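This is input_34.tsv. It holds TSV, C-alpha atoms.
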chain	number	residue	atom	x	y	z
A	1	MET	CA	114.28	97.93	159.02
A	2	LYS	CA	113.44	94.22	159.36
A	3	LYS	CA	109.77	95.12	159.07
A	4	ILE	CA	110.35	96.93	155.73
A	5	ALA	CA	112.42	94.02	154.42
A	6	SER	CA	109.70	91.51	155.33
A	7	ILE	CA	106.99	93.65	153.67
A	8	PHE	CA	109.14	93.92	150.54
A	9	ALA	CA	109.75	90.14	150.52
A	10	GLY	CA	106.00	89.54	150.93
A	11	LEU	CA	105.24	91.79	147.97
A	12	LEU	CA	107.76	89.94	145.82
A	13	LEU	CA	106.26	86.57	146.75
A	14	THR	CA	102.74	87.81	146.04
A	15	CYS	CA	103.77	89.19	142.65
A	16	GLY	CA	105.55	85.95	141.81
A	17	ALA	CA	102.51	83.87	142.78
A	18	ASN	CA	100.22	86.04	140.68
A	19	ALA	CA	102.57	85.83	137.71
A	20	ALA	CA	102.59	82.04	137.96
A	21	THR	CA	98.79	81.78	137.94
A	22	THR	CA	98.01	84.55	135.43
A	23	PRO	CA	98.04	83.44	131.78
A	24	PRO	CA	100.48	85.37	129.59
A	25	GLN	CA	98.94	88.41	127.90
A	26	GLN	CA	99.11	88.95	124.15
A	27	PRO	CA	101.12	92.08	123.42
A	28	ARG	CA	98.94	94.96	122.24
A	29	VAL	CA	99.74	96.27	118.82
A	30	SER	CA	99.61	100.02	118.47
A	31	ILE	CA	98.87	101.23	114.96
A	32	PHE	CA	99.81	104.77	114.10
A	33	SER	CA	100.86	106.52	110.94
A	34	THR	CA	104.58	106.83	110.41
A	35	SER	CA	104.05	108.98	107.37
A	36	THR	CA	102.43	112.13	108.73
A	37	ASP	CA	105.66	114.11	109.02
A	38	TRP	CA	107.21	113.19	105.67
A	39	GLU	CA	107.75	116.85	104.80
A	40	ALA	CA	110.02	117.25	107.83
A	41	VAL	CA	111.77	113.92	107.27
A	42	THR	CA	112.38	114.33	103.54
A	43	GLY	CA	112.47	118.11	103.13
A	44	LEU	CA	109.97	117.69	100.29
A	45	THR	CA	106.53	119.26	100.05
A	46	LEU	CA	103.39	117.15	100.24
A	47	ASN	CA	100.96	117.55	97.35
A	48	GLU	CA	97.47	116.15	97.01
A	49	TYR	CA	96.76	113.73	94.18
A	50	ASN	CA	93.36	112.47	93.03
A	51	GLY	CA	92.89	109.12	91.36
A	52	LYS	CA	90.24	107.97	88.91
A	53	PHE	CA	89.69	104.37	87.89
A	54	ILE	CA	89.28	102.62	84.56
A	55	SER	CA	87.23	99.50	85.19
A	56	ASP	CA	88.09	95.93	84.21
A	57	LYS	CA	85.01	93.67	84.01
A	58	LYS	CA	87.00	90.52	84.77
A	59	LEU	CA	88.54	91.93	87.96
A	60	VAL	CA	85.56	94.00	89.10
A	61	GLY	CA	82.87	91.35	88.62
A	62	ARG	CA	79.76	92.48	90.54
A	63	GLY	CA	81.78	95.22	92.25
A	64	LEU	CA	85.21	95.85	93.69
A	65	VAL	CA	85.96	97.54	97.01
A	66	LEU	CA	89.46	99.04	97.20
A	67	TYR	CA	91.23	100.26	100.34
A	68	TYR	CA	94.38	102.28	99.65
A	69	LEU	CA	97.47	100.94	101.44
A	70	ASP	CA	99.85	103.69	102.55
A	71	GLY	CA	103.36	103.45	101.15
A	72	PHE	CA	106.16	105.88	100.41
A	73	PRO	CA	105.95	108.38	98.75
A	74	CYS	CA	102.24	108.66	99.60
A	75	TYR	CA	99.70	108.23	102.34
A	76	GLY	CA	95.93	108.17	102.08
A	77	LEU	CA	93.74	111.08	103.07
A	78	GLY	CA	90.93	109.83	105.31
A	79	TYR	CA	88.06	110.84	103.05
A	80	GLY	CA	89.44	109.13	99.96
A	81	VAL	CA	91.06	105.82	100.84
A	82	ARG	CA	88.04	103.56	100.20
A	83	VAL	CA	86.59	103.35	96.70
A	84	TRP	CA	83.92	101.05	95.28
A	85	VAL	CA	84.11	100.37	91.54
A	86	GLY	CA	80.97	98.99	89.92
A	87	PRO	CA	80.59	96.60	87.00
A	88	ASP	CA	79.54	99.57	84.84
A	89	GLY	CA	82.77	101.42	85.70
A	90	LYS	CA	81.11	103.96	88.01
A	91	THR	CA	82.70	104.64	91.39
A	92	ASP	CA	81.36	105.96	94.68
A	93	ASN	CA	84.49	108.02	95.38
A	94	ASP	CA	87.83	109.13	93.98
A	95	LEU	CA	91.14	108.18	95.51
A	96	HIS	CA	92.68	111.05	97.51
A	97	ILE	CA	96.30	110.75	98.60
A	98	ALA	CA	99.09	113.08	99.71
A	99	CYS	CA	102.56	112.47	98.29
A	100	VAL	CA	106.04	113.96	98.42
A	101	ALA	CA	106.54	112.72	94.84
A	102	ALA	CA	104.17	111.38	92.21
A	103	PRO	CA	103.70	107.62	92.70
A	104	THR	CA	104.47	105.16	89.91
A	105	GLU	CA	102.42	102.36	91.49
A	106	ILE	CA	100.07	101.98	94.42
A	107	LYS	CA	98.64	99.09	96.40
A	108	PHE	CA	95.15	98.33	97.57
A	109	ALA	CA	93.59	95.77	99.85
A	110	TYR	CA	90.59	94.55	97.85
A	111	ARG	CA	87.50	92.41	97.89
A	112	ASN	CA	84.69	91.78	95.45
A	113	ALA	CA	81.32	93.00	96.72
A	114	THR	CA	78.24	94.87	95.65
A	115	ARG	CA	78.05	98.57	96.47
A	116	ASP	CA	75.91	98.32	99.61
A	117	ALA	CA	77.41	95.11	100.97
A	118	ASP	CA	78.39	95.05	104.63
A	119	GLN	CA	82.04	95.62	105.39
A	120	ALA	CA	83.95	92.37	105.43
A	121	THR	CA	87.52	91.14	105.37
A	122	THR	CA	89.43	91.94	102.21
A	123	THR	CA	90.93	89.24	100.01
A	124	GLY	CA	94.51	90.34	99.46
A	125	ILE	CA	96.71	92.93	97.74
A	126	LEU	CA	96.22	94.52	94.34
A	127	THR	CA	99.27	96.36	92.91
A	128	CYS	CA	98.48	98.93	90.23
A	129	PRO	CA	100.71	101.02	87.97
A	130	ILE	CA	99.82	104.72	87.73
A	131	SER	CA	99.35	106.98	84.73
A	132	ASP	CA	99.49	110.60	85.78
A	133	LYS	CA	98.72	113.98	84.34
A	134	GLY	CA	100.04	116.33	86.98
A	135	ARG	CA	98.09	115.70	90.15
A	136	GLU	CA	95.38	113.65	88.44
A	137	LEU	CA	96.17	109.93	88.52
A	138	THR	CA	94.59	107.23	86.39
A	139	ILE	CA	94.44	103.67	87.66
A	140	ASP	CA	93.58	101.17	84.90
A	141	LEU	CA	92.39	98.11	86.79
A	142	SER	CA	93.19	95.84	83.82
A	143	ASP	CA	96.89	96.63	84.41
A	144	CYS	CA	96.81	95.72	88.12
A	145	ILE	CA	98.52	92.62	89.46
A	146	VAL	CA	96.54	90.50	91.90
A	147	GLY	CA	98.83	89.49	94.75
A	148	PRO	CA	98.54	86.59	97.13
A	149	ASP	CA	95.49	86.18	99.37
A	150	TRP	CA	95.97	87.05	103.03
A	151	ASP	CA	96.12	83.34	104.04
A	152	GLU	CA	99.33	83.02	102.05
A	153	TYR	CA	101.08	85.61	104.29
A	154	LYS	CA	100.75	83.43	107.39
Please, can you express the file's structure as structure tokens?
Amino acid sequence: MKKIASIFAGLLLTCGANAATTPPQQPRVSIFSTSTDWEAVTGLTLNEYNGKFISDKKLVGRGLVLYYLDGFPCYGLGYGVRVWVGPDGKTDNDLHIACVAAPTEIKFAYRNATRDADQATTTGILTCPISDKGRELTIDLSDCIVGPDWDEYK
């Protein structure tokens, strides 16, 4: 019994010594969707909505990359959450989202960039009101509100 107690004490001392010399680890953040079971949580049915954009030359500039930010009552469908809007108003994709109710506004992370620019950090949040005709949404970029840049959230 004394032998087991001394082994246990040795393990505790070793662990304590290692903890004292090991720098503290940053906690790992696990990102997962909390919105994938909204039908079960709300009792409402998910419907797919498609969004088209009306360009705004002042906001778009040489191009505008938009990344849809999930938020109740909608979440983005993987193939339609990134859209590039060009200075001529053409886009490389439509917005595709699933919602339990038609949204009245949506948010995007955004950055100005040409169509084929490398992926880079976005600038901040863009909040846009929605005009809808059934499951077809229209996002007029001239009505969007440019939020604070990411630095201002720190």
Quick one: residues within 10 Å of stretch 36-42 of chain A, only C-alpha atoms counted, chain neighbours fewer than 6 positions away excluded, as an NGL selection string? :A and (72-75 or 98-100)
Between A:Leu77, A:Ile106, A:Leu44, A:Val83, which is the closest to A:Ile139 once you count all atoms listed in the file?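 Smallest distance to A:Ile139 is found for A:Ile106.
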Counting all atoms listed in the file, which residue out of A:Glu136, A:Asp56, A:Asp143, A:Asp118 sits closest to A:His96?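 Looking only at the distances to A:His96, the closest residue turns out to be A:Glu136.
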Extract, using only C-alpha atoms, all DNA, RNA and protein residues at most 9 Å from stretch 87-94 of chain A, discarding same-chain residues fewer than 6 positions from it, and format them as a PyMOL selection string. chain A and resi 50-57+60-64+79-81+115
Figure out the distance between atom CA of A:Gly76 and atom CA of A:Ala102, please, to one decimal in Å.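 Atom CA of A:Gly76 lies 13.3 Å from atom CA of A:Ala102.
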Which value, in Å to one decimal, gives the distance between atom CA of A:Asn112 and atom CA of A:Ile97?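 Computing the Euclidean distance for atom CA of A:Asn112 and atom CA of A:Ile97 yields 22.5 Å.
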Nearest-residue call for A:Asp116, choices A:Cys128, A:Val85, A:Cys144, A:Leu69, using only C-alpha atoms: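 Under the stated criterion, the closest residue is A:Val85.
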Quote the spacing between atom CA of A:Gly147 and atom CA of A:Ala109 in Å to one decimal place.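 For atom CA of A:Gly147 relative to atom CA of A:Ala109, the distance reads 9.6 Å.
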List the neighbours of A:Val146 out to 7 Å using all atoms listed in the file; skip same-chain residues closer than 6 positions along the sequence, and give me the result as an mmCIF file with C-alpha atoms, keeping the file's coordinate frame.
data_model
loop_
_atom_site.group_PDB
_atom_site.id
_atom_site.type_symbol
_atom_site.label_atom_id
_atom_site.label_comp_id
_atom_site.auth_asym_id
_atom_site.auth_seq_id
_atom_site.Cartn_x
_atom_site.Cartn_y
_atom_site.Cartn_z
ATOM 1 C CA ILE A 125 96.710 92.930 97.740
ATOM 2 C CA LEU A 126 96.220 94.520 94.340
ATOM 3 C CA THR A 127 99.270 96.360 92.910
#
A:Lys107, A:Gly86, A:Gln119, A:Gly43 ranked by distance to A:Asp70, top pick (using all atoms listed in the file):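 Ranked by minimum distance to A:Asp70, first place goes to A:Lys107.
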